[in-house]
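J.: The following file, protein.tsv, comprises TSV, C-alpha atoms:
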```tsv
chain	number	residue	atom	x	y	z
A	1	MET	CA	45.81	151.98	75.39
A	2	LEU	CA	45.78	148.23	74.88
A	3	LEU	CA	46.54	148.77	71.20
A	4	LEU	CA	49.59	150.92	72.10
A	5	LYS	CA	50.77	148.24	74.55
A	6	ASN	CA	50.42	145.58	71.85
A	7	ILE	CA	52.37	147.65	69.33
A	8	TYR	CA	55.06	148.36	71.91
A	9	SER	CA	55.32	144.66	72.79
A	10	LYS	CA	55.58	143.66	69.12
A	11	ILE	CA	58.30	146.26	68.44
A	12	LYS	CA	60.18	145.06	71.53
A	13	ASN	CA	59.99	141.43	70.34
A	14	LEU	CA	61.09	142.50	66.88
A	15	PHE	CA	64.24	144.12	68.29
A	16	LYS	CA	64.81	141.07	70.48
A	17	ASP	CA	64.67	138.81	67.43
A	18	ILE	CA	66.99	141.11	65.46
A	19	ASP	CA	69.41	141.11	68.41
A	20	ALA	CA	69.26	137.29	68.64
A	21	ILE	CA	69.91	136.93	64.90
A	22	HIS	CA	72.89	139.26	65.07
A	23	ARG	CA	74.24	137.56	68.19
A	24	GLN	CA	73.93	134.20	66.48
A	25	LYS	CA	75.76	135.56	63.43
A	26	ALA	CA	78.48	137.05	65.68
A	27	ILE	CA	78.86	133.70	67.50
A	28	GLU	CA	79.09	131.82	64.20
A	29	ASP	CA	81.70	134.27	62.86
A	30	MET	CA	83.70	134.01	66.07
A	31	GLU	CA	83.49	130.21	66.07
A	32	TRP	CA	84.76	130.20	62.48
A	33	GLU	CA	87.59	132.52	63.57
A	34	VAL	CA	88.47	130.19	66.47
A	35	GLN	CA	88.50	127.24	64.10
A	36	GLU	CA	90.88	129.09	61.76
A	37	LEU	CA	93.13	130.00	64.71
A	38	LYS	CA	93.12	126.35	65.81
A	39	HIS	CA	94.05	125.35	62.27
A	40	ILE	CA	96.97	127.80	62.35
A	41	PHE	CA	97.94	126.42	65.75
A	42	ALA	CA	97.83	122.88	64.34
A	43	LEU	CA	100.06	123.88	61.43
A	44	ALA	CA	102.51	125.65	63.76
A	45	THR	CA	102.70	122.50	65.90
A	46	MET	CA	102.34	119.67	63.39
A	47	GLY	CA	103.49	121.29	60.16
A	48	ASN	CA	106.47	118.92	60.12
A	49	PHE	CA	104.13	116.09	59.09
A	50	ILE	CA	103.15	117.93	55.90
A	51	GLY	CA	106.54	119.38	55.01
A	52	MET	CA	106.10	122.80	56.65
A	53	PRO	CA	108.62	124.26	59.10
A	54	SER	CA	107.10	124.06	62.57
A	55	ALA	CA	107.94	123.52	66.21
A	56	PRO	CA	110.70	121.00	67.07
A	57	LEU	CA	109.36	117.45	66.95
A	58	PRO	CA	109.72	116.80	70.71
A	59	ILE	CA	107.24	119.67	71.32
A	60	THR	CA	104.87	118.20	68.71
A	61	PHE	CA	105.00	114.70	70.23
A	62	GLU	CA	104.34	116.02	73.74
A	63	MET	CA	101.25	117.92	72.60
A	64	LEU	CA	99.74	115.45	70.13
A	65	PRO	CA	97.78	113.37	72.69
A	66	ASP	CA	95.85	116.53	73.71
A	67	MET	CA	95.27	117.86	70.22
A	68	HIS	CA	92.34	115.76	68.94
A	69	GLU	CA	90.31	118.76	67.83
A	70	GLU	CA	93.18	120.51	66.09
A	71	PHE	CA	94.19	117.26	64.38
A	72	ALA	CA	90.61	116.77	63.14
A	73	ILE	CA	90.47	120.38	61.88
A	74	MET	CA	93.74	119.91	60.01
A	75	LEU	CA	92.49	116.70	58.38
A	76	SER	CA	89.16	118.30	57.39
A	77	LYS	CA	90.97	121.30	55.88
A	78	ILE	CA	92.86	118.88	53.66
A	79	ASN	CA	89.49	117.91	52.13
A	80	THR	CA	88.72	121.50	51.17
A	81	ALA	CA	92.30	122.26	50.16
A	82	HIS	CA	91.41	122.01	46.46
A	83	SER	CA	89.07	125.02	46.74
A	84	PRO	CA	90.30	127.19	49.60
A	85	LEU	CA	88.33	130.27	48.60
A	86	SER	CA	84.92	128.57	48.72
A	87	ASP	CA	85.01	128.41	52.51
A	88	HIS	CA	85.85	132.12	52.78
A	89	PHE	CA	83.18	133.13	50.24
A	90	SER	CA	80.51	131.16	52.08
A	91	LYS	CA	81.52	132.90	55.33
A	92	LEU	CA	81.29	136.31	53.65
A	93	ASP	CA	77.90	135.34	52.15
A	94	VAL	CA	79.24	135.88	48.65
A	95	THR	CA	77.15	134.00	46.07
B	1	MET	CA	124.09	119.96	94.24
B	2	PRO	CA	126.86	118.69	91.98
B	3	LYS	CA	129.00	120.86	89.75
B	4	ILE	CA	128.53	119.95	86.09
B	5	LEU	CA	131.48	119.95	83.68
B	6	PHE	CA	130.94	119.69	79.93
B	7	PHE	CA	133.96	118.85	77.76
B	8	LEU	CA	133.47	120.18	74.22
B	9	GLY	CA	135.63	120.44	71.15
B	10	LYS	CA	136.32	119.28	67.63
B	11	GLY	CA	136.37	115.52	67.07
B	12	GLY	CA	139.71	113.97	67.99
B	13	VAL	CA	141.09	116.83	70.15
B	14	GLY	CA	141.09	114.61	73.26
B	15	LYS	CA	137.78	115.39	75.00
B	16	SER	CA	137.47	111.82	76.28
B	17	THR	CA	141.09	111.73	77.45
B	18	VAL	CA	140.97	115.06	79.25
B	19	SER	CA	137.53	114.39	80.78
B	20	SER	CA	138.78	110.99	81.99
B	21	LEU	CA	141.93	112.54	83.50
B	22	THR	CA	139.79	115.16	85.23
B	23	ALA	CA	137.38	112.55	86.56
B	24	VAL	CA	140.16	110.33	87.93
B	25	HIS	CA	141.99	113.31	89.45
B	26	LEU	CA	138.85	114.46	91.26
B	27	ALA	CA	137.98	110.94	92.44
B	28	LYS	CA	141.47	110.61	93.90
B	29	GLN	CA	140.80	113.79	95.87
B	30	ASN	CA	137.93	111.86	97.53
B	31	LYS	CA	135.26	113.57	95.51
B	32	LYS	CA	132.24	111.59	94.29
B	33	VAL	CA	132.29	111.77	90.50
B	34	VAL	CA	130.05	110.49	87.70
B	35	LEU	CA	131.62	110.56	84.25
B	36	THR	CA	129.17	110.13	81.35
B	37	SER	CA	129.90	109.82	77.67
B	38	LEU	CA	127.21	111.40	75.51
B	39	ASP	CA	129.29	110.81	72.38
B	40	PRO	CA	127.70	108.11	70.18
B	41	ALA	CA	131.28	107.06	69.28
B	42	HIS	CA	132.29	106.22	72.84
B	43	ASN	CA	135.98	106.11	73.85
B	44	LEU	CA	135.82	105.63	77.60
B	45	SER	CA	135.83	101.83	77.30
B	46	ASP	CA	139.15	102.05	75.41
B	47	ILE	CA	140.63	104.54	77.87
B	48	PHE	CA	139.75	102.56	81.00
B	49	GLU	CA	140.03	99.16	79.30
B	50	THR	CA	136.63	98.21	80.70
B	51	GLU	CA	133.26	97.79	78.99
B	52	PHE	CA	130.75	100.43	80.04
B	53	SER	CA	127.03	100.81	79.38
B	54	ASP	CA	123.93	102.69	80.53
B	55	ARG	CA	124.40	101.11	83.97
B	56	PRO	CA	127.08	102.90	86.02
B	57	LYS	CA	130.31	101.02	86.75
B	58	GLU	CA	132.92	101.98	89.31
B	59	PRO	CA	136.43	101.20	87.92
B	60	ILE	CA	138.06	103.46	90.51
B	61	SER	CA	136.70	104.15	93.98
B	62	GLY	CA	134.56	107.29	93.95
B	63	LEU	CA	134.26	107.34	90.15
B	64	ARG	CA	131.24	105.91	88.35
B	65	ILE	CA	131.22	105.79	84.55
B	66	ILE	CA	128.27	105.63	82.16
B	67	GLU	CA	128.19	105.34	78.38
B	68	ILE	CA	124.82	106.45	77.02
B	69	ASP	CA	123.26	104.28	74.31
B	70	GLN	CA	121.72	107.02	72.19
B	71	ASP	CA	119.75	104.62	69.97
B	72	LYS	CA	118.20	102.98	73.02
B	73	TRP	CA	117.11	106.38	74.39
B	74	ILE	CA	115.61	107.40	71.03
B	75	LYS	CA	113.70	104.12	70.74
B	76	LYS	CA	112.48	104.35	74.36
B	77	TYR	CA	111.23	107.90	73.81
B	78	LEU	CA	109.49	107.07	70.52
B	79	LYS	CA	107.93	103.93	72.04
B	80	GLU	CA	106.43	106.01	74.88
B	81	SER	CA	105.18	108.61	72.37
B	82	GLU	CA	103.67	105.88	70.21
B	83	GLN	CA	101.84	104.39	73.20
B	84	GLN	CA	100.42	107.77	74.21
B	85	PHE	CA	99.40	108.45	70.64
B	86	SER	CA	97.74	105.02	70.31
B	87	LYS	CA	95.72	105.61	73.47
B	88	ALA	CA	94.60	109.09	72.41
B	89	TYR	CA	93.83	108.24	68.77
B	90	SER	CA	92.58	104.65	69.08
B	91	TYR	CA	89.82	105.41	66.57
B	92	LEU	CA	92.42	105.94	63.85
B	93	THR	CA	92.94	102.19	63.43
B	94	THR	CA	93.86	102.48	59.76
B	95	PHE	CA	96.62	104.98	60.58
B	96	SER	CA	99.80	102.91	60.53
B	97	LEU	CA	101.60	104.14	63.61
B	98	GLU	CA	104.48	101.68	63.73
B	99	SER	CA	105.88	102.50	60.30
B	100	ASN	CA	105.57	106.27	60.91
B	101	PHE	CA	107.33	106.11	64.25
B	102	SER	CA	110.18	103.94	62.94
B	103	VAL	CA	111.01	106.77	60.52
B	104	MET	CA	110.79	109.40	63.25
B	105	GLN	CA	114.07	108.29	64.85
B	106	TYR	CA	115.83	109.97	61.92
B	107	ALA	CA	113.83	113.21	62.17
B	108	PRO	CA	115.58	116.48	63.06
B	109	GLY	CA	115.72	117.21	66.76
B	110	ILE	CA	115.29	113.64	67.99
B	111	GLU	CA	119.00	112.88	68.58
B	112	GLU	CA	119.67	115.91	70.73
B	113	TYR	CA	116.37	115.48	72.58
B	114	ALA	CA	117.30	111.88	73.46
B	115	LEU	CA	120.64	113.12	74.86
B	116	LEU	CA	118.85	115.82	76.86
B	117	LEU	CA	116.51	113.22	78.37
B	118	ALA	CA	119.56	111.09	79.28
B	119	PHE	CA	121.28	114.16	80.78
B	120	GLN	CA	118.21	114.99	82.83
B	121	GLN	CA	117.89	111.47	84.19
B	122	ILE	CA	121.58	111.34	85.18
B	123	GLN	CA	121.26	114.71	86.86
B	124	GLU	CA	118.10	113.60	88.76
B	125	LYS	CA	119.66	110.31	89.92
B	126	ASN	CA	122.99	111.80	91.06
B	127	LYS	CA	122.07	114.81	93.15
B	128	SER	CA	124.36	113.76	95.99
B	129	VAL	CA	127.63	113.52	94.01
B	130	ASP	CA	130.24	116.28	93.85
B	131	PHE	CA	130.86	116.35	90.11
B	132	LEU	CA	128.95	115.33	87.00
B	133	ILE	CA	131.31	115.23	84.04
B	134	PHE	CA	130.02	114.93	80.49
B	135	ASP	CA	132.18	113.89	77.55
B	136	MET	CA	130.21	115.62	74.81
B	137	PRO	CA	129.65	114.49	71.20
B	138	PRO	CA	131.34	116.29	68.28
B	139	THR	CA	130.55	119.97	67.74
B	140	ALA	CA	127.35	119.88	65.63
B	141	LEU	CA	125.41	117.64	68.00
B	142	THR	CA	126.79	119.41	71.08
B	143	LEU	CA	125.65	122.81	69.83
B	144	LYS	CA	122.20	121.42	69.00
B	145	PHE	CA	122.10	119.91	72.52
B	146	PHE	CA	122.68	123.32	74.12
B	147	ALA	CA	120.46	125.20	71.65
B	148	LEU	CA	117.38	122.98	71.87
B	149	PRO	CA	116.07	124.35	75.20
B	150	GLN	CA	116.19	127.96	73.95
B	151	LEU	CA	114.75	127.07	70.55
B	152	SER	CA	111.93	125.16	72.26
B	153	LEU	CA	111.19	128.06	74.62
B	154	LEU	CA	111.00	130.42	71.63
B	155	TRP	CA	108.44	128.20	69.88
B	156	LEU	CA	106.49	127.53	73.06
B	157	GLY	CA	106.31	131.29	73.73
B	158	LYS	CA	104.70	131.90	70.34
B	159	LEU	CA	102.39	128.88	70.67
B	160	LEU	CA	101.30	130.09	74.12
B	161	GLU	CA	100.47	133.56	72.68
B	162	LEU	CA	98.35	131.97	69.97
B	163	ARG	CA	96.66	129.65	72.44
B	164	LYS	CA	95.80	132.57	74.75
B	165	GLU	CA	94.20	134.36	71.79
B	166	ILE	CA	92.09	131.24	71.12
B	167	ALA	CA	91.16	130.98	74.81
B	168	LYS	CA	90.09	134.66	74.86
B	169	LYS	CA	87.72	134.19	71.92
B	170	GLN	CA	86.34	130.93	73.34
B	171	LYS	CA	85.61	132.75	76.59
B	172	ILE	CA	83.57	135.35	74.68
B	173	ILE	CA	81.65	132.65	72.77
B	174	SER	CA	80.91	130.75	75.97
B	175	THR	CA	79.69	133.93	77.70
B	176	LEU	CA	77.43	134.79	74.74
B	177	LYS	CA	76.03	131.26	74.49
B	178	LEU	CA	75.78	130.18	78.10
B	179	GLY	CA	75.83	133.50	79.92
B	180	ARG	CA	78.99	132.43	81.76
B	181	GLU	CA	82.54	131.17	81.11
B	182	SER	CA	83.01	127.50	80.28
B	183	LEU	CA	84.38	125.36	83.13
B	184	GLU	CA	86.37	123.15	80.73
B	185	ARG	CA	90.13	123.67	81.07
B	186	ASP	CA	92.34	123.99	78.03
B	187	ARG	CA	94.53	120.87	78.17
B	188	VAL	CA	96.71	122.08	75.34
B	189	MET	CA	97.55	125.28	77.26
B	190	GLN	CA	98.36	123.21	80.36
B	191	ASN	CA	100.61	121.02	78.19
B	192	ILE	CA	102.46	124.05	76.83
B	193	GLU	CA	102.94	125.47	80.33
B	194	LYS	CA	104.31	122.10	81.54
B	195	GLN	CA	106.79	122.01	78.65
B	196	VAL	CA	107.87	125.60	79.35
B	197	ARG	CA	108.75	124.59	82.93
B	198	PHE	CA	110.76	121.59	81.67
B	199	TRP	CA	112.80	123.58	79.12
B	200	ARG	CA	113.30	126.53	81.47
B	201	GLY	CA	114.73	124.13	84.07
B	202	LEU	CA	117.27	122.75	81.59
B	203	ASN	CA	118.16	126.18	80.24
B	204	HIS	CA	118.68	127.48	83.75
B	205	ILE	CA	121.15	124.66	84.48
B	206	PHE	CA	123.16	125.36	81.31
B	207	GLN	CA	123.28	129.13	81.86
B	208	ASP	CA	124.09	129.04	85.57
B	209	ASP	CA	127.84	129.72	85.82
B	210	LYS	CA	127.88	128.64	89.47
B	211	LYS	CA	126.59	125.20	88.52
B	212	SER	CA	127.79	124.43	84.97
B	213	TYR	CA	131.20	124.78	83.43
B	214	SER	CA	131.93	124.28	79.74
B	215	LEU	CA	135.51	123.30	78.98
B	216	LEU	CA	136.68	123.70	75.40
B	217	VAL	CA	139.44	121.25	74.50
B	218	GLN	CA	141.68	122.43	71.68
B	219	ASN	CA	144.88	121.28	70.01
B	220	PRO	CA	147.66	123.58	68.82
B	221	ASP	CA	146.55	123.39	65.16
B	222	LYS	CA	144.62	125.76	62.91
B	223	LEU	CA	141.53	123.57	62.31
B	224	SER	CA	141.02	122.91	65.98
B	225	GLN	CA	141.47	126.59	66.88
B	226	LYS	CA	139.05	127.76	64.15
B	227	GLU	CA	136.39	125.28	65.19
B	228	GLY	CA	137.00	126.25	68.79
B	229	GLN	CA	136.29	129.88	67.90
B	230	ARG	CA	133.05	128.85	66.14
B	231	ILE	CA	131.99	126.97	69.28
B	232	ILE	CA	132.79	130.02	71.44
B	233	ASP	CA	130.78	132.32	69.14
B	234	LYS	CA	127.80	129.98	69.07
B	235	MET	CA	127.82	129.45	72.84
B	236	GLU	CA	127.99	133.23	73.32
B	237	SER	CA	124.96	133.67	71.09
B	238	LEU	CA	123.14	131.14	73.30
B	239	LYS	CA	124.11	133.24	76.35
B	240	MET	CA	126.03	130.32	77.85
B	241	PRO	CA	128.67	131.06	80.51
B	242	GLU	CA	132.18	131.78	79.24
B	243	LEU	CA	134.07	128.70	78.09
B	244	HIS	CA	137.26	127.59	79.83
B	245	LYS	CA	139.93	126.63	77.31
B	246	ILE	CA	142.12	123.57	77.63
B	247	LEU	CA	145.09	123.04	75.35
B	248	ASN	CA	145.69	119.36	74.71
B	249	LYS	CA	148.52	117.67	72.78
B	250	ALA	CA	150.77	120.69	73.12
B	251	LYS	CA	154.12	119.65	71.77
B	252	LEU	CA	157.19	120.37	73.84
B	253	ASP	CA	160.83	120.57	72.86
B	254	ASP	CA	161.99	117.87	75.22
B	255	ASP	CA	161.17	114.16	75.29
B	256	ARG	CA	157.65	114.74	76.55
B	257	ARG	CA	155.53	114.72	73.45
B	258	TYR	CA	152.08	115.62	74.74
B	259	LEU	CA	150.96	117.98	77.40
B	260	THR	CA	147.54	118.94	78.67
B	261	VAL	CA	147.39	122.47	79.98
B	262	LEU	CA	144.43	123.54	82.05
B	263	PRO	CA	143.50	127.16	82.67
B	264	THR	CA	144.40	128.60	86.06
B	265	ASP	CA	140.83	129.73	86.68
B	266	LEU	CA	139.92	126.08	87.24
B	267	ASN	CA	142.02	126.18	90.38
B	268	LEU	CA	138.87	125.98	92.41
B	269	PHE	CA	138.66	122.33	91.45
B	270	GLY	CA	142.36	121.82	92.06
B	271	LEU	CA	142.69	121.10	88.38
B	272	ALA	CA	145.22	123.79	87.56
B	273	ASN	CA	147.97	121.56	88.87
B	274	LEU	CA	146.94	118.67	86.69
B	275	THR	CA	149.18	118.17	83.74
B	276	ALA	CA	149.76	115.04	81.83
B	277	ALA	CA	152.94	114.38	80.05
B	278	ALA	CA	153.10	111.05	78.33
B	279	ASN	CA	152.99	109.20	75.11
B	280	LYS	CA	149.58	108.84	73.56
B	281	ILE	CA	149.26	105.07	74.09
B	282	ASN	CA	148.50	103.20	77.34
B	283	TYR	CA	145.99	105.42	79.00
B	284	LYS	CA	145.59	103.25	82.08
B	285	PRO	CA	149.18	103.72	83.28
B	286	LEU	CA	148.82	107.40	82.39
B	287	LEU	CA	145.71	107.71	84.51
B	288	GLN	CA	147.39	105.88	87.37
B	289	LYS	CA	150.43	108.14	87.04
B	290	ILE	CA	148.24	111.24	87.13
B	291	SER	CA	146.17	110.00	90.01
B	292	GLU	CA	149.36	109.45	91.97
```
Rewrite the structure from the file as structure tokens, please.
T.:
Amino acid sequence: MLLLKNIYSKIKNLFKDIDAIHRQKAIEDMEWEVQELKHIFALATMGNFIGMPSAPLPITFEMLPDMHEEFAIMLSKINTAHSPLSDHFSKLDVT
Amino acid sequence: MPKILFFLGKGGVGKSTVSSLTAVHLAKQNKKVVLTSLDPAHNLSDIFETEFSDRPKEPISGLRIIEIDQDKWIKKYLKESEQQFSKAYSYLTTFSLESNFSVMQYAPGIEEYALLLAFQQIQEKNKSVDFLIFDMPPTALTLKFFALPQLSLLWLGKLLELRKEIAKKQKIISTLKLGRESLERDRVMQNIEKQVRFWRGLNHIFQDDKKSYSLLVQNPDKLSQKEGQRIIDKMESLKMPELHKILNKAKLDDDRRYLTVLPTDLNLFGLANLTAAANKINYKPLLQKISE
């Protein structure tokens, strides 16, 4: 009886761990997605600064003081701009 | 709330003259009038033979006149933006703000935005007058002035959609991580909603045919008529109220060389009886003659 309880408890913990791993992976994927959406948002708002058509400048200026995160994302994307696919491949676990 | 009259038309058709005549005529009927020139190439100082500026002057009782300094408004707006930006991004000390902002005054959208800010301030400060009259800049800038609120609302609508999508996903992440929604408010979304209210307010003023009247000044020549038609088409596409047409510099057979004919549907302002017949020089006597 005790042996059965032990086995049951171990199987339960195993599924809990699997669930936690998958949740963590889902959170990471969703966070990556949110970052991409924020990058798109930054381009739609501040694209004027890098020669892309975007919102009228008055809208950009009004929003800039609140857009620290988006501004930082846009600047960091510039660093990986020379190899845009590497980021996607790492997300898709392609080696 | 004051009635707002916008005088539009091709450069040189007589917008300043006709708007001045209208302003004087209304002031002489004991109405409180504010006449503002939004045209960077101001003419009101020549017409009234008095120097005007951003500060209102009252050359005739009941009539205050303002000439907007567009460059000053642009610089003021960019200075405020630069200060906000400096405060928010103080860690970017190597980012040369001053040189970037000095270039921004020439960026698309800034001119018409500066005029809209000036318009809004004049409107806010003169709620108790009867008429606000605006002598508008030449066609291109005028059309951008009227189009900017709608263009901004279009962009803000799309940005708000995108932001709501981001907020939805962040809510899911927060629930998965913390077991509840995050209490932090999205300041960018609040900013967008604040801007939507601002632009909707302006758009509502322009599109309200009980509040705003656009008067198209034309001359009896082909170029003026063609440009007038382009203005009408563009204003229609912006869903602005129907324009009232004014024919200026109509040539007559007798000794009177110039005539200004106003449409009869402006009778509600008592303007239908206003006609000016005079030579094109000496506006001050002309204005006095009309006001009598």
J.: Quick one: distance from atom CA of B:Val188 to atom CA of B:Phe206 in Å, one decimal?
T.: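 Atom-to-atom, atom CA of B:Val188 to atom CA of B:Phe206, that is 27.3 Å.
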J.: At a cut-off of 8 Å, which residues of chain B touch chain A? Count all atoms listed in the file and give the answer as a PyMOL selection string.
T.: chain B and resi 81+84-85+88-89+107-110+113+152+155+159+162-163+166+169-170+173+176-177+187-188+191-192+195
J.: Limited to C-alpha atoms, could you put the picked residues into a file as a PDB file, in the coordinates of the input?
T.:
```pdb
ATOM      1  CA  SER B  81     105.180 108.610  72.370  1.00  0.00           C
ATOM      2  CA  GLN B  84     100.420 107.770  74.210  1.00  0.00           C
ATOM      3  CA  PHE B  85      99.400 108.450  70.640  1.00  0.00           C
ATOM      4  CA  ALA B  88      94.600 109.090  72.410  1.00  0.00           C
ATOM      5  CA  TYR B  89      93.830 108.240  68.770  1.00  0.00           C
ATOM      6  CA  ALA B 107     113.830 113.210  62.170  1.00  0.00           C
ATOM      7  CA  PRO B 108     115.580 116.480  63.060  1.00  0.00           C
ATOM      8  CA  GLY B 109     115.720 117.210  66.760  1.00  0.00           C
ATOM      9  CA  ILE B 110     115.290 113.640  67.990  1.00  0.00           C
ATOM     10  CA  TYR B 113     116.370 115.480  72.580  1.00  0.00           C
ATOM     11  CA  SER B 152     111.930 125.160  72.260  1.00  0.00           C
ATOM     12  CA  TRP B 155     108.440 128.200  69.880  1.00  0.00           C
ATOM     13  CA  LEU B 159     102.390 128.880  70.670  1.00  0.00           C
ATOM     14  CA  LEU B 162      98.350 131.970  69.970  1.00  0.00           C
ATOM     15  CA  ARG B 163      96.660 129.650  72.440  1.00  0.00           C
ATOM     16  CA  ILE B 166      92.090 131.240  71.120  1.00  0.00           C
ATOM     17  CA  LYS B 169      87.720 134.190  71.920  1.00  0.00           C
ATOM     18  CA  GLN B 170      86.340 130.930  73.340  1.00  0.00           C
ATOM     19  CA  ILE B 173      81.650 132.650  72.770  1.00  0.00           C
ATOM     20  CA  LEU B 176      77.430 134.790  74.740  1.00  0.00           C
ATOM     21  CA  LYS B 177      76.030 131.260  74.490  1.00  0.00           C
ATOM     22  CA  ARG B 187      94.530 120.870  78.170  1.00  0.00           C
ATOM     23  CA  VAL B 188      96.710 122.080  75.340  1.00  0.00           C
ATOM     24  CA  ASN B 191     100.610 121.020  78.190  1.00  0.00           C
ATOM     25  CA  ILE B 192     102.460 124.050  76.830  1.00  0.00           C
ATOM     26  CA  GLN B 195     106.790 122.010  78.650  1.00  0.00           C
TER      27      GLN B 195
END
```
J.: Report the distance between atom CA of B:Ile246 and atom CA of B:Trp199 in Å, rounded to one decimal place.
T.: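 Computing it gives 29.4 Å between the two atoms.
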J.: Around all listed atoms of stretch 1-5 of chain B, padded 6 Å per side, what centre and edge lengths does the axis-aligned box have in Å to one decimal, as AutoDock Vina command-line options?
T.:
```
--center_x 127.8 --center_y 119.8 --center_z 89.0 --size_x 19.4 --size_y 14.2 --size_z 22.6
```
J.: Fewer than 3 positions away in the same chain doesn't count, so skip those; otherwise give me all residues within 8 Å of B:Leu132, counting all atoms listed in the file, as a PyMOL selection string.
T.: chain B and resi 2-5+33-36+123+129
J.: Residues as selected, C-alpha atoms, written as an mmCIF file, in the coordinates of the input, can you do that?
T.:
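The result, stored in result.cif:
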```
data_model
loop_
_atom_site.group_PDB
_atom_site.id
_atom_site.type_symbol
_atom_site.label_atom_id
_atom_site.label_comp_id
_atom_site.auth_asym_id
_atom_site.auth_seq_id
_atom_site.Cartn_x
_atom_site.Cartn_y
_atom_site.Cartn_z
ATOM 1 C CA PRO B 2 126.860 118.690 91.980
ATOM 2 C CA LYS B 3 129.000 120.860 89.750
ATOM 3 C CA ILE B 4 128.530 119.950 86.090
ATOM 4 C CA LEU B 5 131.480 119.950 83.680
ATOM 5 C CA VAL B 33 132.290 111.770 90.500
ATOM 6 C CA VAL B 34 130.050 110.490 87.700
ATOM 7 C CA LEU B 35 131.620 110.560 84.250
ATOM 8 C CA THR B 36 129.170 110.130 81.350
ATOM 9 C CA GLN B 123 121.260 114.710 86.860
ATOM 10 C CA VAL B 129 127.630 113.520 94.010
#
```
